[in-house]
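K.L.:
Would you mind keeping the following structure in view while I ask a few things?
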Amino acid sequence: MPLELVTLPALDDNYTYLLHDAKTGATAVIDVPDAAPISAALKERGWTLTEVWLTHHHWDHVDGLPDLLAAHPAQVTGAAADAHRLPALDRQVSDGDSFTFGGEEVQIFDVSGHTVGHIALYLPTSGIVFTADSLMAMGCGRLFEGTPAQMWESLSKLAALPPETTVCSGHEYTASNVKFALTVDPDNPALKSRADEVSKLRADGTPTVPSSLSEELSTNPFLRPADAGIRKNLGMESASDAEVFAEIRARKDKF
Ligand code: ZN
Ligand code: FE
């Protein structure tokens, strides 16, 4: 039986996710912006929380943890590299590590860039990756700590996963991301049709995440620095992919 994935909006524009294995009863939550929507979703489904997976130390991903643990004691996993600034961790993980959840393998990728120490969690059997503020729907996280080269390396790892992978990112930034994407990649038909789809979804408040990696590969400008049309638009035909990525990121910062 496949794992069940639940997308929960939290705070103003964050997302948190529940992952549940019906066979073992294992239930994980990925990031804890706020305990309330998580507790409500657990109660509604009759699930018992067993694990918390933290992607990075920013307040909007961890601040709900004390309240959540007070009501739902669970094992907390996060990056060893960030253990000094994350809440207390029961399990510390690093790039290349893996552990088992509900009989499935969970692989850890270092995806530094937004912060140094940010991790993504990938479940190859279910084809799900939790990317938080690294790879986002038609976007990527702002570079608060890492360099453009670091973020490009991180995104390249994620881009190499199977295209059918479900990408669970951390924020509802898609409407603004798509506006920016159209400025660097205006002639991309896949982007134009996704832009229409996003306006329809947002018009009735439907989350635009998760997305599929194949959609991101065809519409997310941060995964497309090799694209001839984007390079031509930026006047960077002979630059490296990392240089084109850095330029796209710099333009987004000013957008
Ligand atoms: Zn963040
Ligand atoms: Fe965030």
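The way I read the labels, and the way they are meant: chains A, B, ... in the order of the structure tokens, residue 1 as the first residue of every chain, and ligand 1 as the first ligand shown, with later ones counted on from there.
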What lies within 6 Å of region 102-105 of chain A using only C-alpha atoms, ignoring chain neighbours under 5 positions off, as a list in words?
P.N.:
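Everything that qualifies: Asp21, Thr24, Ala26 and Leu123 of chain A.
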K.L.:
Restricted to all heavy atoms, what would the selected residues look like written as a PDB file, in the first residue's frame?
P.N.:
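The result, written out as result.pdb:
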ATOM      1  N   ASP A  21       1.940   5.795   6.822  1.00  0.00           N
ATOM      2  CA  ASP A  21       1.993   4.414   6.354  1.00  0.00           C
ATOM      3  C   ASP A  21       0.916   3.624   7.076  1.00  0.00           C
ATOM      4  O   ASP A  21       1.034   3.373   8.284  1.00  0.00           O
ATOM      5  CB  ASP A  21       3.386   3.822   6.625  1.00  0.00           C
ATOM      6  CG  ASP A  21       3.458   2.362   6.225  1.00  0.00           C
ATOM      7  OD1 ASP A  21       2.970   2.028   5.127  1.00  0.00           O
ATOM      8  OD2 ASP A  21       3.990   1.557   7.004  1.00  0.00           O
ATOM      9  N   THR A  24       2.062   0.174   9.074  1.00  0.00           N
ATOM     10  CA  THR A  24       2.755   0.229  10.364  1.00  0.00           C
ATOM     11  C   THR A  24       2.189   1.309  11.281  1.00  0.00           C
ATOM     12  O   THR A  24       2.511   1.356  12.464  1.00  0.00           O
ATOM     13  CB  THR A  24       4.254   0.546  10.155  1.00  0.00           C
ATOM     14  OG1 THR A  24       4.350   1.819   9.507  1.00  0.00           O
ATOM     15  CG2 THR A  24       4.932  -0.513   9.309  1.00  0.00           C
ATOM     16  N   ALA A  26       3.059   4.333  11.026  1.00  0.00           N
ATOM     17  CA  ALA A  26       4.069   5.409  11.096  1.00  0.00           C
ATOM     18  C   ALA A  26       3.519   6.666  10.435  1.00  0.00           C
ATOM     19  O   ALA A  26       2.918   6.602   9.360  1.00  0.00           O
ATOM     20  CB  ALA A  26       5.349   4.964  10.407  1.00  0.00           C
ATOM     21  N   LEU A 123      12.081   9.925  -0.899  1.00  0.00           N
ATOM     22  CA  LEU A 123      11.601   8.545  -0.766  1.00  0.00           C
ATOM     23  C   LEU A 123      11.486   7.951  -2.168  1.00  0.00           C
ATOM     24  O   LEU A 123      10.491   8.185  -2.863  1.00  0.00           O
ATOM     25  CB  LEU A 123      10.235   8.509  -0.052  1.00  0.00           C
ATOM     26  CG  LEU A 123      10.268   8.885   1.435  1.00  0.00           C
ATOM     27  CD1 LEU A 123      10.078  10.383   1.632  1.00  0.00           C
ATOM     28  CD2 LEU A 123       9.213   8.103   2.210  1.00  0.00           C
TER      29      LEU A 123
END
K.L.:
Grab me every residue within 10 Å of ligand 1, counting only C-alpha atoms and all ligand atoms, and send it over as a list in words.
P.N.:
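Selection of residues at most 10 Å from ligand 1: Asn14, Thr55, His56, His57, His58, Trp59, Asp60, His61, Val62, His114, Thr115, His118, Ala132, Asp133, Ser134, Gly141, Arg142, Leu143, Phe144, Gly170 and His171 of chain A.
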K.L.:
Can I get the selection written as a PDB file, in the first residue's frame, with N, CA, C and O atoms?
P.N.:
ATOM      1  N   ASN A  14       3.014  29.181   4.340  1.00  0.00           N
ATOM      2  CA  ASN A  14       3.838  27.965   4.478  1.00  0.00           C
ATOM      3  C   ASN A  14       3.028  26.714   4.162  1.00  0.00           C
ATOM      4  O   ASN A  14       1.797  26.726   4.229  1.00  0.00           O
ATOM      5  N   THR A  55      13.590  20.460   7.781  1.00  0.00           N
ATOM      6  CA  THR A  55      14.425  20.714   6.598  1.00  0.00           C
ATOM      7  C   THR A  55      15.502  21.764   6.853  1.00  0.00           C
ATOM      8  O   THR A  55      16.574  21.692   6.294  1.00  0.00           O
ATOM      9  N   HIS A  56      15.183  22.774   7.669  1.00  0.00           N
ATOM     10  CA  HIS A  56      16.166  23.827   7.980  1.00  0.00           C
ATOM     11  C   HIS A  56      15.689  24.633   9.176  1.00  0.00           C
ATOM     12  O   HIS A  56      14.568  24.458   9.640  1.00  0.00           O
ATOM     13  N   HIS A  57      16.559  25.525   9.661  1.00  0.00           N
ATOM     14  CA  HIS A  57      16.344  26.118  10.989  1.00  0.00           C
ATOM     15  C   HIS A  57      15.408  27.336  11.008  1.00  0.00           C
ATOM     16  O   HIS A  57      15.112  27.846  12.076  1.00  0.00           O
ATOM     17  N   HIS A  58      14.975  27.838   9.867  1.00  0.00           N
ATOM     18  CA  HIS A  58      14.175  29.073   9.884  1.00  0.00           C
ATOM     19  C   HIS A  58      12.919  28.936  10.732  1.00  0.00           C
ATOM     20  O   HIS A  58      12.280  27.872  10.741  1.00  0.00           O
ATOM     21  N   TRP A  59      12.568  30.042  11.399  1.00  0.00           N
ATOM     22  CA  TRP A  59      11.480  30.013  12.375  1.00  0.00           C
ATOM     23  C   TRP A  59      10.168  29.494  11.795  1.00  0.00           C
ATOM     24  O   TRP A  59       9.415  28.798  12.471  1.00  0.00           O
ATOM     25  N   ASP A  60       9.919  29.834  10.520  1.00  0.00           N
ATOM     26  CA  ASP A  60       8.631  29.438   9.937  1.00  0.00           C
ATOM     27  C   ASP A  60       8.592  27.946   9.574  1.00  0.00           C
ATOM     28  O   ASP A  60       7.598  27.466   9.033  1.00  0.00           O
ATOM     29  N   HIS A  61       9.670  27.212   9.905  1.00  0.00           N
ATOM     30  CA  HIS A  61       9.684  25.762   9.686  1.00  0.00           C
ATOM     31  C   HIS A  61       9.816  24.983  10.998  1.00  0.00           C
ATOM     32  O   HIS A  61       9.700  23.760  10.986  1.00  0.00           O
ATOM     33  N   VAL A  62      10.112  25.679  12.099  1.00  0.00           N
ATOM     34  CA  VAL A  62      10.356  24.964  13.365  1.00  0.00           C
ATOM     35  C   VAL A  62       9.575  25.507  14.576  1.00  0.00           C
ATOM     36  O   VAL A  62       9.485  24.817  15.586  1.00  0.00           O
ATOM     37  N   HIS A 114      19.736  28.275   0.264  1.00  0.00           N
ATOM     38  CA  HIS A 114      18.828  29.136   1.048  1.00  0.00           C
ATOM     39  C   HIS A 114      19.429  29.326   2.441  1.00  0.00           C
ATOM     40  O   HIS A 114      19.558  30.444   2.931  1.00  0.00           O
ATOM     41  N   THR A 115      19.779  28.198   3.077  1.00  0.00           N
ATOM     42  CA  THR A 115      20.641  28.215   4.260  1.00  0.00           C
ATOM     43  C   THR A 115      21.745  27.191   3.990  1.00  0.00           C
ATOM     44  O   THR A 115      21.582  26.335   3.126  1.00  0.00           O
ATOM     45  N   HIS A 118      20.613  23.169   4.921  1.00  0.00           N
ATOM     46  CA  HIS A 118      19.256  22.778   4.494  1.00  0.00           C
ATOM     47  C   HIS A 118      19.315  21.373   3.892  1.00  0.00           C
ATOM     48  O   HIS A 118      20.198  21.081   3.107  1.00  0.00           O
ATOM     49  N   ALA A 132      11.222  21.842   0.738  1.00  0.00           N
ATOM     50  CA  ALA A 132      11.050  23.085   1.515  1.00  0.00           C
ATOM     51  C   ALA A 132      11.493  24.302   0.720  1.00  0.00           C
ATOM     52  O   ALA A 132      10.938  24.593  -0.340  1.00  0.00           O
ATOM     53  N   ASP A 133      12.533  25.017   1.185  1.00  0.00           N
ATOM     54  CA  ASP A 133      12.921  26.286   0.565  1.00  0.00           C
ATOM     55  C   ASP A 133      14.145  26.138  -0.340  1.00  0.00           C
ATOM     56  O   ASP A 133      14.879  27.096  -0.582  1.00  0.00           O
ATOM     57  N   SER A 134      14.363  24.920  -0.862  1.00  0.00           N
ATOM     58  CA  SER A 134      15.390  24.756  -1.907  1.00  0.00           C
ATOM     59  C   SER A 134      14.676  24.838  -3.249  1.00  0.00           C
ATOM     60  O   SER A 134      14.458  25.947  -3.759  1.00  0.00           O
ATOM     61  N   GLY A 141      14.525  28.921  -3.228  1.00  0.00           N
ATOM     62  CA  GLY A 141      14.643  29.794  -2.067  1.00  0.00           C
ATOM     63  C   GLY A 141      15.676  30.892  -2.286  1.00  0.00           C
ATOM     64  O   GLY A 141      16.637  30.718  -3.035  1.00  0.00           O
ATOM     65  N   ARG A 142      15.459  32.005  -1.620  1.00  0.00           N
ATOM     66  CA  ARG A 142      16.406  33.114  -1.648  1.00  0.00           C
ATOM     67  C   ARG A 142      17.723  32.673  -0.998  1.00  0.00           C
ATOM     68  O   ARG A 142      17.706  31.857  -0.070  1.00  0.00           O
ATOM     69  N   LEU A 143      18.835  33.197  -1.466  1.00  0.00           N
ATOM     70  CA  LEU A 143      20.143  32.761  -0.955  1.00  0.00           C
ATOM     71  C   LEU A 143      20.528  33.577   0.273  1.00  0.00           C
ATOM     72  O   LEU A 143      21.275  34.543   0.177  1.00  0.00           O
ATOM     73  N   PHE A 144      20.024  33.186   1.431  1.00  0.00           N
ATOM     74  CA  PHE A 144      20.352  33.900   2.671  1.00  0.00           C
ATOM     75  C   PHE A 144      21.772  33.594   3.130  1.00  0.00           C
ATOM     76  O   PHE A 144      22.430  34.429   3.707  1.00  0.00           O
ATOM     77  N   GLY A 170       8.000  24.270   0.365  1.00  0.00           N
ATOM     78  CA  GLY A 170       7.598  24.830   1.647  1.00  0.00           C
ATOM     79  C   GLY A 170       6.692  26.047   1.660  1.00  0.00           C
ATOM     80  O   GLY A 170       6.245  26.466   2.729  1.00  0.00           O
ATOM     81  N   HIS A 171       6.433  26.645   0.493  1.00  0.00           N
ATOM     82  CA  HIS A 171       5.653  27.895   0.499  1.00  0.00           C
ATOM     83  C   HIS A 171       4.713  28.017  -0.695  1.00  0.00           C
ATOM     84  O   HIS A 171       4.993  27.471  -1.762  1.00  0.00           O
TER      85      HIS A 171
END
K.L.:
Determine, counting only C-alpha atoms, which protein, DNA and RNA residues have an atom within 12 Å of an atom of Pro221 (chain A); residues of the same chain fewer than 2 positions away are not included. Present the result as a PyMOL selection string.
P.N.:
chain A and resi 135-140+152+155+177-186+188+190-191+215-219+223-231+234+241+244-249+251-252
K.L.:
As a PDB file with N, CA and C atoms, in the first residue's frame, which residues of region 6-124 of chain A does DSSP assign to strand (DSSP E or B)?
P.N.:
ATOM      1  N   VAL A   6      -0.397  14.158   2.787  1.00  0.00           N
ATOM      2  CA  VAL A   6      -1.390  15.225   3.014  1.00  0.00           C
ATOM      3  C   VAL A   6      -0.674  16.570   3.014  1.00  0.00           C
ATOM      4  N   THR A   7      -1.177  17.507   2.234  1.00  0.00           N
ATOM      5  CA  THR A   7      -0.619  18.861   2.165  1.00  0.00           C
ATOM      6  C   THR A   7      -1.419  19.779   3.076  1.00  0.00           C
ATOM      7  N   LEU A   8      -0.726  20.446   4.009  1.00  0.00           N
ATOM      8  CA  LEU A   8      -1.440  21.317   4.955  1.00  0.00           C
ATOM      9  C   LEU A   8      -0.902  22.740   4.887  1.00  0.00           C
ATOM     10  N   PRO A   9      -1.735  23.715   4.526  1.00  0.00           N
ATOM     11  CA  PRO A   9      -1.314  25.111   4.617  1.00  0.00           C
ATOM     12  C   PRO A   9      -1.158  25.505   6.086  1.00  0.00           C
ATOM     13  N   ALA A  10      -0.175  26.371   6.379  1.00  0.00           N
ATOM     14  CA  ALA A  10       0.062  26.833   7.756  1.00  0.00           C
ATOM     15  C   ALA A  10       0.580  28.264   7.706  1.00  0.00           C
ATOM     16  N   ASN A  14       3.014  29.181   4.340  1.00  0.00           N
ATOM     17  CA  ASN A  14       3.838  27.965   4.478  1.00  0.00           C
ATOM     18  C   ASN A  14       3.028  26.714   4.162  1.00  0.00           C
ATOM     19  N   TYR A  15       3.762  25.647   3.859  1.00  0.00           N
ATOM     20  CA  TYR A  15       3.149  24.320   3.783  1.00  0.00           C
ATOM     21  C   TYR A  15       3.887  23.363   4.684  1.00  0.00           C
ATOM     22  N   THR A  16       3.123  22.471   5.308  1.00  0.00           N
ATOM     23  CA  THR A  16       3.674  21.349   6.038  1.00  0.00           C
ATOM     24  C   THR A  16       2.979  20.113   5.462  1.00  0.00           C
ATOM     25  N   TYR A  17       3.605  18.958   5.600  1.00  0.00           N
ATOM     26  CA  TYR A  17       3.055  17.747   4.973  1.00  0.00           C
ATOM     27  C   TYR A  17       3.009  16.625   5.999  1.00  0.00           C
ATOM     28  N   LEU A  18       1.962  15.804   5.916  1.00  0.00           N
ATOM     29  CA  LEU A  18       1.910  14.570   6.693  1.00  0.00           C
ATOM     30  C   LEU A  18       2.150  13.414   5.735  1.00  0.00           C
ATOM     31  N   LEU A  19       2.913  12.438   6.207  1.00  0.00           N
ATOM     32  CA  LEU A  19       3.169  11.231   5.442  1.00  0.00           C
ATOM     33  C   LEU A  19       2.788  10.071   6.353  1.00  0.00           C
ATOM     34  N   HIS A  20       1.926   9.180   5.858  1.00  0.00           N
ATOM     35  CA  HIS A  20       1.380   8.127   6.713  1.00  0.00           C
ATOM     36  C   HIS A  20       1.481   6.767   6.041  1.00  0.00           C
ATOM     37  N   THR A  27       3.703   7.812  11.113  1.00  0.00           N
ATOM     38  CA  THR A  27       3.231   9.085  10.574  1.00  0.00           C
ATOM     39  C   THR A  27       4.291  10.140  10.817  1.00  0.00           C
ATOM     40  N   ALA A  28       4.713  10.784   9.737  1.00  0.00           N
ATOM     41  CA  ALA A  28       5.723  11.835   9.845  1.00  0.00           C
ATOM     42  C   ALA A  28       5.109  13.170   9.455  1.00  0.00           C
ATOM     43  N   VAL A  29       5.628  14.236  10.058  1.00  0.00           N
ATOM     44  CA  VAL A  29       5.279  15.583   9.600  1.00  0.00           C
ATOM     45  C   VAL A  29       6.574  16.229   9.146  1.00  0.00           C
ATOM     46  N   ILE A  30       6.495  16.967   8.034  1.00  0.00           N
ATOM     47  CA  ILE A  30       7.685  17.592   7.487  1.00  0.00           C
ATOM     48  C   ILE A  30       7.581  19.091   7.706  1.00  0.00           C
ATOM     49  N   GLU A  51       7.002  10.754  13.864  1.00  0.00           N
ATOM     50  CA  GLU A  51       8.260  11.402  13.480  1.00  0.00           C
ATOM     51  C   GLU A  51       8.040  12.827  13.011  1.00  0.00           C
ATOM     52  N   VAL A  52       9.054  13.657  13.278  1.00  0.00           N
ATOM     53  CA  VAL A  52       9.102  15.021  12.744  1.00  0.00           C
ATOM     54  C   VAL A  52      10.399  15.143  11.953  1.00  0.00           C
ATOM     55  N   TRP A  53      10.309  15.602  10.703  1.00  0.00           N
ATOM     56  CA  TRP A  53      11.509  15.814   9.878  1.00  0.00           C
ATOM     57  C   TRP A  53      11.635  17.311   9.616  1.00  0.00           C
ATOM     58  N   GLN A  75       9.717  11.367  17.399  1.00  0.00           N
ATOM     59  CA  GLN A  75      11.161  11.425  17.181  1.00  0.00           C
ATOM     60  C   GLN A  75      11.467  12.538  16.174  1.00  0.00           C
ATOM     61  N   VAL A  76      12.443  13.391  16.522  1.00  0.00           N
ATOM     62  CA  VAL A  76      12.750  14.549  15.671  1.00  0.00           C
ATOM     63  C   VAL A  76      14.061  14.315  14.910  1.00  0.00           C
ATOM     64  N   THR A  77      13.986  14.491  13.575  1.00  0.00           N
ATOM     65  CA  THR A  77      15.152  14.308  12.696  1.00  0.00           C
ATOM     66  C   THR A  77      15.504  15.630  12.025  1.00  0.00           C
ATOM     67  N   GLY A  78      16.801  15.929  11.956  1.00  0.00           N
ATOM     68  CA  GLY A  78      17.241  17.132  11.257  1.00  0.00           C
ATOM     69  C   GLY A  78      18.716  17.023  10.924  1.00  0.00           C
ATOM     70  N   ALA A  79      19.241  18.050  10.272  1.00  0.00           N
ATOM     71  CA  ALA A  79      20.622  18.019   9.791  1.00  0.00           C
ATOM     72  C   ALA A  79      21.628  18.091  10.929  1.00  0.00           C
ATOM     73  N   ARG A  91      17.572  12.374  16.031  1.00  0.00           N
ATOM     74  CA  ARG A  91      18.360  11.719  14.981  1.00  0.00           C
ATOM     75  C   ARG A  91      18.956  12.802  14.093  1.00  0.00           C
ATOM     76  N   GLN A  92      20.291  12.789  13.978  1.00  0.00           N
ATOM     77  CA  GLN A  92      20.998  13.763  13.142  1.00  0.00           C
ATOM     78  C   GLN A  92      21.408  13.093  11.847  1.00  0.00           C
ATOM     79  N   VAL A  93      21.168  13.756  10.732  1.00  0.00           N
ATOM     80  CA  VAL A  93      21.444  13.153   9.419  1.00  0.00           C
ATOM     81  C   VAL A  93      22.297  14.083   8.563  1.00  0.00           C
ATOM     82  N   SER A  98      20.698   7.485   4.981  1.00  0.00           N
ATOM     83  CA  SER A  98      19.315   7.083   4.752  1.00  0.00           C
ATOM     84  C   SER A  98      18.786   6.410   6.003  1.00  0.00           C
ATOM     85  N   PHE A  99      17.470   6.399   6.134  1.00  0.00           N
ATOM     86  CA  PHE A  99      16.826   5.673   7.230  1.00  0.00           C
ATOM     87  C   PHE A  99      15.525   5.101   6.684  1.00  0.00           C
ATOM     88  N   THR A 100      14.849   4.316   7.513  1.00  0.00           N
ATOM     89  CA  THR A 100      13.635   3.644   7.047  1.00  0.00           C
ATOM     90  C   THR A 100      12.411   4.274   7.684  1.00  0.00           C
ATOM     91  N   PHE A 101      11.386   4.481   6.880  1.00  0.00           N
ATOM     92  CA  PHE A 101      10.101   4.974   7.380  1.00  0.00           C
ATOM     93  C   PHE A 101       9.004   4.100   6.776  1.00  0.00           C
ATOM     94  N   GLU A 104       9.920   1.990   3.974  1.00  0.00           N
ATOM     95  CA  GLU A 104      10.525   2.643   2.798  1.00  0.00           C
ATOM     96  C   GLU A 104      11.812   3.355   3.178  1.00  0.00           C
ATOM     97  N   GLU A 105      12.706   3.430   2.206  1.00  0.00           N
ATOM     98  CA  GLU A 105      13.960   4.141   2.416  1.00  0.00           C
ATOM     99  C   GLU A 105      13.731   5.650   2.256  1.00  0.00           C
ATOM    100  N   VAL A 106      14.336   6.409   3.169  1.00  0.00           N
ATOM    101  CA  VAL A 106      14.329   7.878   3.069  1.00  0.00           C
ATOM    102  C   VAL A 106      15.780   8.304   2.895  1.00  0.00           C
ATOM    103  N   GLN A 107      16.088   8.988   1.794  1.00  0.00           N
ATOM    104  CA  GLN A 107      17.464   9.420   1.522  1.00  0.00           C
ATOM    105  C   GLN A 107      17.609  10.908   1.821  1.00  0.00           C
ATOM    106  N   ILE A 108      18.754  11.252   2.378  1.00  0.00           N
ATOM    107  CA  ILE A 108      19.029  12.649   2.748  1.00  0.00           C
ATOM    108  C   ILE A 108      19.961  13.292   1.720  1.00  0.00           C
ATOM    109  N   PHE A 109      19.547  14.464   1.223  1.00  0.00           N
ATOM    110  CA  PHE A 109      20.404  15.255   0.344  1.00  0.00           C
ATOM    111  C   PHE A 109      20.713  16.583   1.029  1.00  0.00           C
ATOM    112  N   ASP A 110      21.969  16.974   1.044  1.00  0.00           N
ATOM    113  CA  ASP A 110      22.288  18.340   1.431  1.00  0.00           C
ATOM    114  C   ASP A 110      21.885  19.234   0.258  1.00  0.00           C
ATOM    115  N   ILE A 119      18.384  20.508   4.289  1.00  0.00           N
ATOM    116  CA  ILE A 119      18.333  19.163   3.694  1.00  0.00           C
ATOM    117  C   ILE A 119      17.023  18.951   2.931  1.00  0.00           C
ATOM    118  N   ALA A 120      17.071  18.027   1.972  1.00  0.00           N
ATOM    119  CA  ALA A 120      15.868  17.516   1.328  1.00  0.00           C
ATOM    120  C   ALA A 120      15.766  16.043   1.698  1.00  0.00           C
ATOM    121  N   LEU A 121      14.541  15.529   1.783  1.00  0.00           N
ATOM    122  CA  LEU A 121      14.318  14.123   2.122  1.00  0.00           C
ATOM    123  C   LEU A 121      13.601  13.465   0.954  1.00  0.00           C
ATOM    124  N   TYR A 122      14.184  12.383   0.441  1.00  0.00           N
ATOM    125  CA  TYR A 122      13.683  11.748  -0.777  1.00  0.00           C
ATOM    126  C   TYR A 122      13.301  10.304  -0.499  1.00  0.00           C
ATOM    127  N   LEU A 123      12.081   9.925  -0.899  1.00  0.00           N
ATOM    128  CA  LEU A 123      11.601   8.545  -0.766  1.00  0.00           C
ATOM    129  C   LEU A 123      11.486   7.951  -2.168  1.00  0.00           C
TER     130      LEU A 123
END
K.L.:
Find, counting only C-alpha atoms and all ligand atoms, the residue in A:Ala88, A:Ala35, A:Leu65, A:Leu11 that gets nearest to ligand 2.
P.N.:
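Ranking A:Ala88, A:Ala35, A:Leu65, A:Leu11 by distance to ligand 2, first place goes to A:Leu11.
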K.L.:
Which is closest to ligand 2 among A:Asn220, A:Ser169, A:Gln150, A:Asn233, if we use only C-alpha atoms and all ligand atoms?
P.N.:
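Closest to ligand 2 of all the choices is A:Ser169.
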K.L.:
Tell me which of A:Pro163, A:Pro33, A:Gly25, A:Pro2 sits closest to ligand 2, counting only C-alpha atoms and all ligand atoms.
P.N.:
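Closest to ligand 2 of all the choices is A:Pro33.
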K.L.:
I need the residues of region 155-236 of chain A that end up classed as helix (DSSP H, G or I) by DSSP on the backbone, written out as a VMD selection string.
P.N.:
chain A and resid 155 to 159 174 to 184 189 to 203 213 to 219 221 to 223 228 to 234
K.L.:
As an exercise, work out the distance from CA of Leu49 (chain A) to CA of Pro73 (chain A) in Å and give it to one decimal place.
P.N.:
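CA of Pro73 (chain A) lies 7.3 Å from CA of Leu49 (chain A).
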K.L.:
Go ahead and compute the interatomic distance for CA of Leu5 (chain A) and CA of Ile128 (chain A), in Å to one decimal.
P.N.:
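Taking CA of Leu5 (chain A) and CA of Ile128 (chain A), their separation equals 9.1 Å.
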K.L.:
Work out how far apart CA of Asp63 (chain A) and CA of Ala36 (chain A) are and give it in Å to one decimal.
P.N.:
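Between CA of Asp63 (chain A) and CA of Ala36 (chain A) the gap is 11.6 Å.
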K.L.:
Would you mind telling me which residue in A:Gly205, A:Gly146, A:Gly127, A:Pro87 lies nearest to Thr165 (chain A) when using only C-alpha atoms?
P.N.:
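Closest to Thr165 (chain A) of all the choices is A:Gly127.
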K.L.:
So which residues touch Val116 (chain A) within 8 Å, counting only C-alpha atoms, skipping near sequence neighbours fewer than 4 positions away, as a list in words?
P.N.:
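Neighbouring residues, sequence-local ones excluded: Val111, Ser112, Glu145 and Gly146 of chain A.
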